[in-house]
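Report on the following structure.
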Amino acid sequence: MFKIKTAIITSLLSMLILTGCSQNTIALAQNNNSVNATYDINSFLPQDTGVVENTTTTNENQNTQSYQQTSANLTVNYIDIGQGDAELLTSDGHSMLIDTGTPESGSKIRLFLQKQGVQKLDYLVLTHPDSDHIGGAASVITNVPIDTVMMPDYQKDNKYYKGLIDALNYRYINPTIPVVGQTFTLGSCTVKVLGPIRKYDDPNNNSIVLKVTCGNNSFIFVGDAEEEELYDITNHFGAELDSDVYKVGHHGSHNSSSESFLRYVTPVFSVVSCAEGNSYGYPHAESLIRLRSIGSHLFRTDKQGTITIKSDGANITYDPSPCDNWTPGENTQNSQSSFASTQDTTSTSIVESSQYVLNTNTKKFHRPDCSSIADIKEKNKKISNQSRDEIINSGFKPCKRCNP
Ligand SMILES: [Zn+2]
Ligand SMILES: [Zn+2]
C-alpha cells in the first residue's frame with residue numbers, strides 16, 4: 001500500500017519536474033492565504049532518496065493527470081504554538097481550526113488567522129479538553145466568528161475548560177459532539193469522523209479523530225489518541241485509515257502511533273507538533289522508530305516552526321521540506337541520571353529539593369532521576385518530601401526501575 005502511494009507521489013513529483021511547474025506555481029500563487037505563496041520548485045523535490053523509488057510509471061502519471069482535473073484543494077498549516085496542537089485547514093475560502101494550543105497560544109493563533117485572511121471559521125474542533133489543546137479556545141471563540149464548535153463528550157474540571165464553556169455561552173454557541181462515521185464538507189474536501197468510537201477514562205483517548213480527503217490525497221488528525229482508542233479505530237476502519245499525511249498522535253509520545261494503526265495509515269509524511277526542549281521529552285524514541293520503520297518522512301514544529309502542507313487533489317506540496325530529524329526529545333543516552341536535562345527548569349528545581357516523585361494514578365513512587373518520570377502526566381505527578389516508609393504507608397509502591 002505504501003509502496004504504491006509512494007510511487008504515485010514520486011511519479012507526480014517527477015512529472016512536475018519534467019513538465020515544468022507553471023500549472024502548480026499558478027495554482028499556488030493564486031492562494032495568497034498561504035504562509036509562503038511562492039514556492040521554490042526545489043521544495044517539491046524529495047530531499048533524500050527515501051521517496052524516490054520509481055520515476056518512470058507512465059500509466060500512473062496518466063491516471064493521476066485525470067485527478068488533476070478535479071478542483072479540490074486544501075492547505076494545512078501545522079501552527080508552531082510551542083508545546084501543544086493547532087492546525088488550520090483551508091479549502092476554497094472555508095476553514096477549520098483543529099485545537100488551539102496552550103493558554104498562551106490564543107493571541108498567536110488569532111494573529112495567524114488574520115495573516116491568512118481567515119475572518120471566520122466554519123469549524124473549530126477541540127479534540128479533547130487538555131490545556132495544550134483547548135488552552136487558546138476561549139480567546140479564539142470570543143474574538144473569531146465560528147459556525148460550528150465540535151468537542152468530544154468528555155468534561156474536565158479545570159479553569160481552561162471552564163473558560164472555554166464561558167466563552168461558548170458568551171457567543172451562544174452550542175457545541176456539537178461529532179458522531180463516528182459522520183462526514184461533512186470543508187470547501188472542496190470531505191471530512192470524516194473516525195473517533196472516539198466509545199467513551200474512555202482519560203481525556204487523550206477521547207480525542208476526536210478526523211480524516212480529511214482532498215481528491216486523491218488525505219490527511220489524518222488524531223489529537224492525543226493513545227493505544228486504546230487507536231486500537232478500536234484500527235479494528236473499526238482498517239484500510240480506510242490509509243492517509244498521505246499523519247498528524248502524529250500525542251506529540252510523538254511512546255503510547256501513541258501504535259504499530260497496527262500505522263500499518264493501515266502508512267503515511268508518506270508525518271508531522272510532530274511539540275516544543276523544543278519540552279519537559280515530556282516529546283517526541284519519544286519509540287514513536288519515532290515506528291514512524292521511521294514504515295518509511296514516513298518527518299516534519300517537526302519544534303525544529304522547523306510552522307509546517308504548511310498543500311494538496312491540489314493529486315499532488316502534495318510542502319514548505320518547509322521534511323527535516324527527517326529522528327532525534328528524540330528525551331535524553332536516551334543516560335536516562336537514569338539525566339532527568340534534570342529533559343525537564344524544564346521549574347520542575348527540575350522542585351524535584352531537586354525533594355526526595356520522591358509520586359504517580360497518583362499508578363500509585364507508584366520514584367527517585368527524582370528515574371527515567372519513567374518523563375512519562376507521568378503532569379496532573380498525576382506529585383513531589384513528596386515524606387520518608388520512604390510514610391509514602392509506602394499511604395499506599396504507594398516503589399518503582400521497579402529505580403528502586404527507591
Ligand atoms: Zn496534547
Ligand atoms: Zn492530551
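FYI, nothing fancy with the C-alpha cells labels: chains A, B, ... in order, residues from 1 per chain, ligands from 1 as they appear.
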
Around ligand 1, which protein and nucleic acid residues have at least one atom no more than 10 Å from it, if we count only C-alpha atoms and all ligand atoms? List them as a compact mmCIF listing (two decimals) with N, CA and C atoms, in the first residue's frame.
```txt
# COMPACT_ATOMS: atom_id res chain seq x y z
N GLN A 83 4.43 23.85 22.92
CA GLN A 83 4.01 22.52 23.32
C GLN A 83 2.49 22.38 23.25
N GLY A 84 2.00 21.81 22.19
CA GLY A 84 0.55 21.64 22.02
C GLY A 84 0.23 21.39 20.56
N ASP A 85 -1.06 21.51 20.24
CA ASP A 85 -1.53 21.27 18.88
C ASP A 85 -2.39 22.43 18.41
N ASP A 99 -7.88 22.32 17.29
CA ASP A 99 -7.16 22.64 18.54
C ASP A 99 -6.57 24.05 18.57
N GLY A 101 -3.89 25.00 21.02
CA GLY A 101 -2.66 25.13 21.79
C GLY A 101 -2.90 25.42 23.26
N THR A 102 -1.90 26.01 23.89
CA THR A 102 -1.94 26.32 25.33
C THR A 102 -2.62 27.68 25.55
N THR A 127 -10.12 18.67 20.00
CA THR A 127 -10.04 17.21 20.00
C THR A 127 -10.32 16.62 21.38
N HIS A 128 -9.79 17.26 22.43
CA HIS A 128 -10.04 16.80 23.80
C HIS A 128 -9.66 17.92 24.74
N PRO A 129 -10.21 17.90 25.98
CA PRO A 129 -10.09 19.10 26.81
C PRO A 129 -8.79 19.23 27.63
N ASP A 130 -7.65 18.80 27.11
CA ASP A 130 -6.39 19.07 27.79
C ASP A 130 -5.94 20.49 27.47
N SER A 131 -5.19 21.09 28.40
CA SER A 131 -4.89 22.52 28.27
C SER A 131 -3.98 22.84 27.09
N ASP A 132 -3.25 21.85 26.55
CA ASP A 132 -2.41 22.13 25.38
C ASP A 132 -3.20 22.01 24.07
N HIS A 133 -4.52 21.78 24.20
CA HIS A 133 -5.39 21.69 23.01
C HIS A 133 -6.53 22.69 23.08
N ILE A 134 -7.04 22.93 24.30
CA ILE A 134 -8.15 23.91 24.43
C ILE A 134 -7.67 25.22 25.04
N PRO A 203 -8.68 11.74 29.14
CA PRO A 203 -9.00 12.69 28.07
C PRO A 203 -8.35 12.34 26.73
N ASN A 204 -7.09 11.92 26.73
CA ASN A 204 -6.40 11.67 25.45
C ASN A 204 -7.14 10.68 24.57
N SER A 207 -10.02 11.67 22.27
CA SER A 207 -9.73 12.63 21.21
C SER A 207 -10.60 12.40 19.97
N GLY A 223 -5.38 13.98 17.31
CA GLY A 223 -5.27 14.60 18.64
C GLY A 223 -4.21 13.91 19.46
N ASP A 224 -4.58 13.53 20.68
CA ASP A 224 -3.64 12.82 21.57
C ASP A 224 -4.05 11.36 21.75
N ALA A 225 -4.82 10.81 20.81
CA ALA A 225 -5.31 9.43 20.96
C ALA A 225 -4.15 8.47 21.26
N GLY A 249 0.20 11.38 16.64
CA GLY A 249 -0.59 11.40 17.88
C GLY A 249 0.22 11.80 19.10
N HIS A 250 -0.42 12.57 19.98
CA HIS A 250 0.12 12.88 21.30
C HIS A 250 1.58 13.39 21.25
N HIS A 251 1.84 14.26 20.29
CA HIS A 251 3.15 14.95 20.19
C HIS A 251 4.33 13.97 20.09
N GLY A 252 4.04 12.74 19.61
CA GLY A 252 5.11 11.76 19.45
C GLY A 252 5.37 10.97 20.71
N SER A 253 4.37 10.93 21.61
CA SER A 253 4.53 10.13 22.83
C SER A 253 4.63 8.64 22.49
N SER A 273 3.91 17.84 16.38
CA SER A 273 3.72 19.18 16.92
C SER A 273 4.13 19.19 18.39
N CYS A 274 5.25 19.83 18.69
CA CYS A 274 5.71 19.92 20.07
C CYS A 274 6.71 21.06 20.20
```

Would you return as a compact mmCIF listing (two decimals) with N, CA and C atoms, in the first residue's frame the members of region 211-362 of chain A that DSSP assigns to strand (DSSP E or B) on this structure's backbone?
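Dumped to out10.txt:
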```txt
# COMPACT_ATOMS: atom_id res chain seq x y z
N LYS A 211 -10.42 12.25 9.40
CA LYS A 211 -9.69 12.05 8.15
C LYS A 211 -10.26 13.05 7.14
N VAL A 212 -9.36 13.85 6.57
CA VAL A 212 -9.78 14.87 5.61
C VAL A 212 -9.30 14.44 4.23
N THR A 213 -10.25 14.27 3.31
CA THR A 213 -9.91 13.81 1.97
C THR A 213 -10.05 14.94 0.97
N CYS A 214 -8.99 15.12 0.18
CA CYS A 214 -8.97 16.17 -0.84
C CYS A 214 -8.61 15.48 -2.16
N ASN A 217 -5.86 12.79 -2.25
CA ASN A 217 -4.97 12.90 -1.08
C ASN A 217 -5.79 12.91 0.21
N SER A 218 -5.15 12.49 1.28
CA SER A 218 -5.86 12.55 2.56
C SER A 218 -4.92 12.81 3.72
N PHE A 219 -5.48 13.45 4.73
CA PHE A 219 -4.75 13.88 5.92
C PHE A 219 -5.49 13.32 7.13
N ILE A 220 -4.76 12.78 8.09
CA ILE A 220 -5.43 12.24 9.28
C ILE A 220 -4.93 12.98 10.53
N PHE A 221 -5.89 13.30 11.41
CA PHE A 221 -5.61 14.05 12.64
C PHE A 221 -6.14 13.23 13.82
N VAL A 245 -0.82 12.07 4.85
CA VAL A 245 -0.18 12.91 5.87
C VAL A 245 -0.81 12.61 7.23
N TYR A 246 0.03 12.39 8.21
CA TYR A 246 -0.42 12.00 9.55
C TYR A 246 0.04 13.03 10.57
N LYS A 247 -0.92 13.62 11.27
CA LYS A 247 -0.56 14.49 12.41
C LYS A 247 -0.26 13.51 13.54
N PHE A 269 3.99 11.21 4.84
CA PHE A 269 4.53 12.30 5.66
C PHE A 269 3.89 12.28 7.04
N SER A 270 4.71 12.56 8.07
CA SER A 270 4.20 12.64 9.44
C SER A 270 4.65 13.96 10.04
N VAL A 271 3.77 14.57 10.82
CA VAL A 271 4.08 15.88 11.41
C VAL A 271 3.96 15.79 12.93
N VAL A 272 5.06 16.07 13.62
CA VAL A 272 5.04 16.11 15.09
C VAL A 272 4.89 17.57 15.52
N HIS A 297 8.23 10.23 5.98
CA HIS A 297 9.10 11.41 6.10
C HIS A 297 8.57 12.28 7.23
N LEU A 298 9.49 12.92 7.94
CA LEU A 298 9.10 13.59 9.18
C LEU A 298 9.24 15.11 9.11
N PHE A 299 8.18 15.79 9.57
CA PHE A 299 8.22 17.22 9.83
C PHE A 299 8.12 17.41 11.34
N ARG A 300 8.74 18.45 11.87
CA ARG A 300 8.66 18.73 13.32
C ARG A 300 8.53 20.22 13.56
N ILE A 307 4.53 24.33 9.83
CA ILE A 307 4.67 23.50 8.64
C ILE A 307 3.42 23.69 7.77
N THR A 308 3.61 23.96 6.49
CA THR A 308 2.48 24.12 5.58
C THR A 308 2.50 23.00 4.55
N ILE A 309 1.41 22.24 4.49
CA ILE A 309 1.32 21.15 3.52
C ILE A 309 0.05 21.36 2.70
N LYS A 310 0.21 21.28 1.37
CA LYS A 310 -0.93 21.55 0.48
C LYS A 310 -1.23 20.36 -0.40
N SER A 311 -2.50 20.27 -0.79
CA SER A 311 -2.90 19.27 -1.77
C SER A 311 -3.75 19.95 -2.83
N ILE A 316 0.94 16.52 -3.44
CA ILE A 316 1.21 17.06 -2.10
C ILE A 316 2.44 17.96 -2.23
N THR A 317 2.33 19.20 -1.76
CA THR A 317 3.50 20.08 -1.72
C THR A 317 3.66 20.60 -0.30
N TYR A 318 4.85 21.05 0.01
CA TYR A 318 5.08 21.44 1.41
C TYR A 318 6.11 22.54 1.52
N ASP A 319 6.06 23.22 2.65
CA ASP A 319 7.03 24.25 2.96
C ASP A 319 7.11 24.39 4.49
N TYR A 356 11.12 12.21 46.68
CA TYR A 356 10.47 11.24 45.79
C TYR A 356 9.43 11.90 44.90
N VAL A 357 9.19 11.23 43.77
CA VAL A 357 8.14 11.70 42.86
C VAL A 357 7.04 10.63 42.85
N LEU A 358 5.81 11.07 43.13
CA LEU A 358 4.69 10.13 43.17
C LEU A 358 3.87 10.19 41.88
N ASN A 359 3.40 9.03 41.46
CA ASN A 359 2.41 8.99 40.40
C ASN A 359 1.08 8.64 41.06
```

Considering only C-alpha atoms, state which residue in the set A:Val268, A:Val149, A:Val191, A:Ile373 is at the smallest distance from Gly215 (chain A).
-> A:Val191

Go through region 158-199 of chain A and collect every residue that DSSP, computed from the backbone, puts in alpha helix (DSSP H); the answer should be as a list of chain:residue names.
-> A:Lys159, A:Tyr160, A:Tyr161, A:Lys162, A:Gly163, A:Leu164, A:Ile165, A:Asp166, A:Ala167, A:Leu168, A:Asn169, A:Tyr170

Those same residues, written as a JSON list (two decimals), in the first residue's frame with C-alpha atoms?
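Below you can see again.json, which holds the result:
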```json
[["chain", "number", "residue", "atom", "x", "y", "z"],
["A", 159, "LYS", "CA", -10.09, 26.62, 34.69],
["A", 160, "TYR", "CA", -9.33, 26.33, 30.97],
["A", 161, "TYR", "CA", -12.32, 24.09, 30.40],
["A", 162, "LYS", "CA", -14.49, 26.47, 32.44],
["A", 163, "GLY", "CA", -13.13, 29.42, 30.45],
["A", 164, "LEU", "CA", -13.99, 27.59, 27.23],
["A", 165, "ILE", "CA", -17.57, 26.91, 28.37],
["A", 166, "ASP", "CA", -17.94, 30.57, 29.44],
["A", 167, "ALA", "CA", -16.74, 31.71, 26.01],
["A", 168, "LEU", "CA", -19.21, 29.37, 24.27],
["A", 169, "ASN", "CA", -22.05, 30.71, 26.42],
["A", 170, "TYR", "CA", -20.97, 34.29, 25.72]]
```

Tell me, as a PyMOL selection string, which residues lie within 8 Å of Asp242 (chain A), counting only C-alpha atoms; anything in the same chain fewer than 6 positions away does not count.
-> chain A and resi 218+264-267

Which residue of A:Val180, A:Phe237, A:Pro328, A:Pro152 approaches Asn205 (chain A) most closely, using only C-alpha atoms |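 Looking at the shortest contact to Asn205 (chain A), the residue is A:Pro152.
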